[in-house]
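Shown next, in structure tokens, is the structure this report addresses.
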Amino acid sequence: MAERRLKRGIRRMLGVRTWMVAVIWIAVFPVMLMALRVDNLRMERLRNEVMLADETGDNVKIDAALNALGQFSSRHMNANTGVFYLQHSYERAVAAAADYANETNIYKEASEHCERLFNNRWSFAFVQCMVNRIADHPEASVVNFPDPALFRYEFISPTFSFTVAGMISAIWFLLALFIALRLLYYLILRVSLLIIKKKS
């Protein structure tokens with residue numbers, strides 16, 4: 001009785017043509033890759049737009065480009081940006097810090113202050129005045145360069161998204177799961193049938 005049921009189960013399972021599902025699974029694979037590639041190419045275009053905006057120095061354009069890239073990457077699969085830096089923005093920030101330091105540099109300020117007090121620029125009194133003035137403001141001679149980490153960006157894409165690429169990927173994985181389960185079920189039925197035959 002049990003053997004008859006197992007044989008019936010095998011015949012019923014073979015009624016659903018697994019090979020047809022496998023053909024569909026294989027056909028969906030290149031479509032899935034193409035959809036994922038389209039998302040990746042779109043991410044690269046948006047990242048290039050960020051780089052171009054960075055070159056212009058227009059902060060409004062930079063923020064808009066970063067926002068567009070971040071939103072796209074967060075909503076599409078295969079759109080990880082990897083780590084990138086706003087190099088031109090960093091260089092501008094460094095130049096601004098250096099310019100500010102030059103404007104507020106204690107050496108320049110001390111020199112101008114002591115020149116007003118002493119006629120002889122290289123006299124002992126002038127040098128002593130410079131030393132005292134610099135000692136009063138040691139922090140003013142330090143250039144505070146910006147942290148490069150502030151100009152570092154990376155956007156991570158989700159493992160799954162409700163987009164064309166996401167839905168095609170879901171179909172492909174479901175078909176793969178169906179095929180795997182069918183094969184596992186078939187093996188279990190065959191092994192059970194062998195066990196029953198040995199016992200009988």
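The chains in the structure tokens are called A, B, ... from first to last as shown; in each chain the residues are counted from 1, and the ligands are counted from 1 in the order shown.
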
Find the residues around A:Pro146 up to 12 Å (only C-alpha atoms counted), leave out those fewer than 6 positions away in its own chain, and share them as a VMD selection string.
chain A and resid 89 to 98 152

Those same residues, written as a PDB file, in the first residue's frame with all heavy atoms?
ATOM      1  N   SER A  89      36.134  69.698  -3.855  1.00  0.00           N
ATOM      2  CA  SER A  89      35.575  70.399  -2.687  1.00  0.00           C
ATOM      3  C   SER A  89      36.584  70.392  -1.545  1.00  0.00           C
ATOM      4  O   SER A  89      36.740  71.393  -0.834  1.00  0.00           O
ATOM      5  CB  SER A  89      34.275  69.730  -2.229  1.00  0.00           C
ATOM      6  OG  SER A  89      33.255  69.909  -3.180  1.00  0.00           O
ATOM      7  N   TYR A  90      37.271  69.249  -1.385  1.00  0.00           N
ATOM      8  CA  TYR A  90      38.289  69.160  -0.335  1.00  0.00           C
ATOM      9  C   TYR A  90      39.432  70.128  -0.618  1.00  0.00           C
ATOM     10  O   TYR A  90      39.891  70.837   0.286  1.00  0.00           O
ATOM     11  CB  TYR A  90      38.816  67.733  -0.232  1.00  0.00           C
ATOM     12  CG  TYR A  90      39.935  67.588   0.785  1.00  0.00           C
ATOM     13  CD1 TYR A  90      39.662  67.695   2.148  1.00  0.00           C
ATOM     14  CD2 TYR A  90      41.244  67.374   0.379  1.00  0.00           C
ATOM     15  CE1 TYR A  90      40.676  67.582   3.087  1.00  0.00           C
ATOM     16  CE2 TYR A  90      42.268  67.256   1.308  1.00  0.00           C
ATOM     17  CZ  TYR A  90      41.976  67.371   2.665  1.00  0.00           C
ATOM     18  OH  TYR A  90      42.982  67.269   3.590  1.00  0.00           O
ATOM     19  N   GLU A  91      39.883  70.171  -1.861  1.00  0.00           N
ATOM     20  CA  GLU A  91      40.984  71.066  -2.214  1.00  0.00           C
ATOM     21  C   GLU A  91      40.591  72.525  -1.996  1.00  0.00           C
ATOM     22  O   GLU A  91      41.407  73.337  -1.545  1.00  0.00           O
ATOM     23  CB  GLU A  91      41.397  70.832  -3.670  1.00  0.00           C
ATOM     24  CG  GLU A  91      42.114  69.495  -3.873  1.00  0.00           C
ATOM     25  CD  GLU A  91      42.347  69.167  -5.335  1.00  0.00           C
ATOM     26  OE1 GLU A  91      41.873  69.956  -6.203  1.00  0.00           O
ATOM     27  OE2 GLU A  91      42.990  68.144  -5.620  1.00  0.00           O
ATOM     28  N   ARG A  92      39.348  72.868  -2.315  1.00  0.00           N
ATOM     29  CA  ARG A  92      38.874  74.242  -2.083  1.00  0.00           C
ATOM     30  C   ARG A  92      38.823  74.561  -0.593  1.00  0.00           C
ATOM     31  O   ARG A  92      39.179  75.658  -0.165  1.00  0.00           O
ATOM     32  CB  ARG A  92      37.493  74.449  -2.728  1.00  0.00           C
ATOM     33  CG  ARG A  92      37.520  74.591  -4.234  1.00  0.00           C
ATOM     34  CD  ARG A  92      36.174  75.009  -4.786  1.00  0.00           C
ATOM     35  NE  ARG A  92      35.172  73.965  -4.631  1.00  0.00           N
ATOM     36  CZ  ARG A  92      34.944  73.007  -5.527  1.00  0.00           C
ATOM     37  NH1 ARG A  92      35.642  72.968  -6.646  1.00  0.00           N
ATOM     38  NH2 ARG A  92      34.017  72.098  -5.320  1.00  0.00           N
ATOM     39  N   ALA A  93      38.394  73.568   0.205  1.00  0.00           N
ATOM     40  CA  ALA A  93      38.327  73.770   1.653  1.00  0.00           C
ATOM     41  C   ALA A  93      39.725  73.938   2.247  1.00  0.00           C
ATOM     42  O   ALA A  93      39.942  74.762   3.137  1.00  0.00           O
ATOM     43  CB  ALA A  93      37.606  72.597   2.312  1.00  0.00           C
ATOM     44  N   VAL A  94      40.687  73.170   1.745  1.00  0.00           N
ATOM     45  CA  VAL A  94      42.078  73.281   2.213  1.00  0.00           C
ATOM     46  C   VAL A  94      42.641  74.655   1.852  1.00  0.00           C
ATOM     47  O   VAL A  94      43.294  75.313   2.672  1.00  0.00           O
ATOM     48  CB  VAL A  94      42.947  72.160   1.597  1.00  0.00           C
ATOM     49  CG1 VAL A  94      44.431  72.435   1.818  1.00  0.00           C
ATOM     50  CG2 VAL A  94      42.574  70.812   2.196  1.00  0.00           C
ATOM     51  N   ALA A  95      42.378  75.090   0.611  1.00  0.00           N
ATOM     52  CA  ALA A  95      42.873  76.405   0.177  1.00  0.00           C
ATOM     53  C   ALA A  95      42.254  77.520   1.018  1.00  0.00           C
ATOM     54  O   ALA A  95      42.941  78.479   1.403  1.00  0.00           O
ATOM     55  CB  ALA A  95      42.549  76.617  -1.302  1.00  0.00           C
ATOM     56  N   ALA A  96      40.950  77.377   1.330  1.00  0.00           N
ATOM     57  CA  ALA A  96      40.280  78.385   2.154  1.00  0.00           C
ATOM     58  C   ALA A  96      40.871  78.420   3.560  1.00  0.00           C
ATOM     59  O   ALA A  96      41.057  79.504   4.135  1.00  0.00           O
ATOM     60  CB  ALA A  96      38.778  78.096   2.214  1.00  0.00           C
ATOM     61  N   ALA A  97      41.176  77.240   4.113  1.00  0.00           N
ATOM     62  CA  ALA A  97      41.773  77.180   5.450  1.00  0.00           C
ATOM     63  C   ALA A  97      43.155  77.813   5.452  1.00  0.00           C
ATOM     64  O   ALA A  97      43.526  78.539   6.394  1.00  0.00           O
ATOM     65  CB  ALA A  97      41.848  75.722   5.925  1.00  0.00           C
ATOM     66  N   ALA A  98      43.910  77.552   4.381  1.00  0.00           N
ATOM     67  CA  ALA A  98      45.254  78.135   4.282  1.00  0.00           C
ATOM     68  C   ALA A  98      45.184  79.647   4.136  1.00  0.00           C
ATOM     69  O   ALA A  98      45.958  80.388   4.750  1.00  0.00           O
ATOM     70  CB  ALA A  98      45.998  77.515   3.106  1.00  0.00           C
ATOM     71  N   ARG A 152      34.052  62.266   2.232  1.00  0.00           N
ATOM     72  CA  ARG A 152      33.967  60.865   1.823  1.00  0.00           C
ATOM     73  C   ARG A 152      32.499  60.448   1.761  1.00  0.00           C
ATOM     74  O   ARG A 152      31.726  60.730   2.680  1.00  0.00           O
ATOM     75  CB  ARG A 152      34.711  59.986   2.837  1.00  0.00           C
ATOM     76  CG  ARG A 152      34.632  58.490   2.577  1.00  0.00           C
ATOM     77  CD  ARG A 152      35.194  57.728   3.766  1.00  0.00           C
ATOM     78  NE  ARG A 152      35.215  56.306   3.571  1.00  0.00           N
ATOM     79  CZ  ARG A 152      34.185  55.497   3.749  1.00  0.00           C
ATOM     80  NH1 ARG A 152      33.015  56.002   4.134  1.00  0.00           N
ATOM     81  NH2 ARG A 152      34.292  54.187   3.548  1.00  0.00           N
TER      82      ARG A 152
END

Do you know which residues are at most 9 Å from A:Glu154 counting only C-alpha atoms, after dropping those on the same chain fewer than 3 positions away, and could you put them as a PyMOL selection string?
chain A and resi 70+80-85

Could you please write out, as a ChimeraX atom specification, every residue of stretch 2-200 of chain A that DSSP assigns to strand (DSSP E)?
/A:84-85,152-153

Next, write the just-selected residues to a file, as an mmCIF file, in the first residue's frame, keeping N, CA, C and O atoms as the atom set.
data_model
loop_
_atom_site.group_PDB
_atom_site.id
_atom_site.type_symbol
_atom_site.label_atom_id
_atom_site.label_comp_id
_atom_site.auth_asym_id
_atom_site.auth_seq_id
_atom_site.Cartn_x
_atom_site.Cartn_y
_atom_site.Cartn_z
ATOM 1 N N PHE A 84 33.800 57.119 -2.559
ATOM 2 C CA PHE A 84 34.346 58.168 -3.421
ATOM 3 C C PHE A 84 34.461 59.460 -2.620
ATOM 4 O O PHE A 84 33.792 59.638 -1.597
ATOM 5 N N TYR A 85 35.335 60.330 -3.071
ATOM 6 C CA TYR A 85 35.607 61.588 -2.374
ATOM 7 C C TYR A 85 35.299 62.775 -3.281
ATOM 8 O O TYR A 85 35.510 62.698 -4.497
ATOM 9 N N ARG A 152 34.052 62.266 2.232
ATOM 10 C CA ARG A 152 33.967 60.865 1.823
ATOM 11 C C ARG A 152 32.499 60.448 1.761
ATOM 12 O O ARG A 152 31.726 60.730 2.680
ATOM 13 N N TYR A 153 32.125 59.766 0.684
ATOM 14 C CA TYR A 153 30.742 59.317 0.521
ATOM 15 C C TYR A 153 30.715 57.871 0.049
ATOM 16 O O TYR A 153 31.615 57.407 -0.659
#

From A:Arg17, A:Arg42, A:Arg37, A:Arg75, residue lying nearest A:Leu183 [only C-alpha atoms]:
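Of all the options, A:Arg17 lies closest to A:Leu183.
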
DSSP alpha helix (DSSP H) selection over stretch 7-174 of chain A, as an MDAnalysis selection string
chainID A and resid 7:15 18:56 59:75 87:104 106:117 124:136 164:174

Would you list the contacts of A:Asn78 as a PyMOL selection string, taking every protein, DNA or RNA residue within 7 Å and counting only C-alpha atoms, but skipping same-chain residues closer than 6 positions in sequence?
chain A and resi 36+39-40+157

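Among A:Leu189, A:Ala110, A:Ala27, A:Leu69, the residue with the shortest atom-to-atom distance to A:Leu46, counting only C-alpha atoms, is A:Leu69.
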
Would you kindly return, as an MDAnalysis selection string, each protein, DNA or RNA residue with an atom no farther than 10 Å from any atom of A:Arg133, considering only C-alpha atoms and excluding same-chain residues fewer than 4 positions away?
chainID A and resid 106:107 109:111 113:114 127:129 137:138

Keeping C-alpha atoms, export the residues of the selection given above as a PDB file, in the first residue's frame.
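To be explicit, this is the file written out as result.pdb:
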ATOM      1  CA  ILE A 106      50.289  85.399  14.182  1.00  0.00           C
ATOM      2  CA  TYR A 107      53.647  85.968  12.460  1.00  0.00           C
ATOM      3  CA  GLU A 109      50.142  90.158  12.910  1.00  0.00           C
ATOM      4  CA  ALA A 110      53.124  90.175  15.298  1.00  0.00           C
ATOM      5  CA  SER A 111      55.392  91.659  12.643  1.00  0.00           C
ATOM      6  CA  HIS A 113      52.429  95.133  15.635  1.00  0.00           C
ATOM      7  CA  CYS A 114      56.148  95.239  16.472  1.00  0.00           C
ATOM      8  CA  VAL A 127      62.747  90.210  17.945  1.00  0.00           C
ATOM      9  CA  GLN A 128      61.786  90.054  21.617  1.00  0.00           C
ATOM     10  CA  CYS A 129      58.498  91.774  20.790  1.00  0.00           C
ATOM     11  CA  HIS A 137      48.701  83.508  20.728  1.00  0.00           C
ATOM     12  CA  PRO A 138      50.171  80.048  19.954  1.00  0.00           C
TER      13      PRO A 138
END

Which residues are close to A:Asp63, i.e. within 12 Å by only C-alpha atoms, leaving aside same-chain residues fewer than 3 positions away? Reply as a ChimeraX atom specification.
/A:49-51,53-54,57-60,66-70,86,89

Resulting file, chosen residues, N, CA and C atoms, as a short mmCIF file (atom, residue, chain, number, x, y, z; two decimals), in the first residue's frame:
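Output file out00.cif is given in full below:
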data_model
loop_
_atom_site.label_atom_id
_atom_site.label_comp_id
_atom_site.auth_asym_id
_atom_site.auth_seq_id
_atom_site.Cartn_x
_atom_site.Cartn_y
_atom_site.Cartn_z
N GLU A 49 27.83 62.63 -12.45
CA GLU A 49 27.23 63.96 -12.32
C GLU A 49 27.67 64.63 -11.02
N VAL A 50 27.83 63.84 -9.97
CA VAL A 50 28.34 64.38 -8.70
C VAL A 50 29.76 64.90 -8.90
N MET A 51 30.58 64.13 -9.59
CA MET A 51 31.97 64.54 -9.83
C MET A 51 32.04 65.82 -10.66
N ALA A 53 29.67 68.14 -10.83
CA ALA A 53 29.20 69.22 -9.97
C ALA A 53 30.29 69.65 -8.99
N ASP A 54 31.07 68.67 -8.51
CA ASP A 54 32.17 68.97 -7.60
C ASP A 54 33.21 69.86 -8.27
N GLY A 57 32.21 73.63 -8.27
CA GLY A 57 32.26 74.35 -7.00
C GLY A 57 30.92 74.92 -6.57
N ASP A 58 29.86 74.61 -7.30
CA ASP A 58 28.52 75.09 -6.97
C ASP A 58 27.92 74.14 -5.92
N ASN A 59 27.83 74.59 -4.68
CA ASN A 59 27.36 73.73 -3.58
C ASN A 59 25.92 73.27 -3.78
N VAL A 60 25.09 74.11 -4.41
CA VAL A 60 23.70 73.72 -4.66
C VAL A 60 23.66 72.54 -5.62
N LEU A 66 24.30 64.79 -5.17
CA LEU A 66 24.47 63.80 -4.11
C LEU A 66 23.13 63.23 -3.67
N ASN A 67 22.13 64.10 -3.57
CA ASN A 67 20.80 63.67 -3.16
C ASN A 67 20.20 62.70 -4.18
N ALA A 68 20.35 63.03 -5.47
CA ALA A 68 19.82 62.16 -6.53
C ALA A 68 20.52 60.81 -6.53
N LEU A 69 21.83 60.82 -6.34
CA LEU A 69 22.60 59.57 -6.30
C LEU A 69 22.21 58.73 -5.09
N GLY A 70 22.11 59.38 -3.92
CA GLY A 70 21.76 58.66 -2.70
C GLY A 70 20.38 58.03 -2.78
N LEU A 86 34.83 63.85 -2.68
CA LEU A 86 34.68 65.10 -3.40
C LEU A 86 36.03 65.82 -3.36
N SER A 89 36.13 69.70 -3.85
CA SER A 89 35.57 70.40 -2.69
C SER A 89 36.58 70.39 -1.54
#

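Coordinates place atom CA of A:Ala65 at a distance of 15.7 Å from atom CA of A:Leu41.
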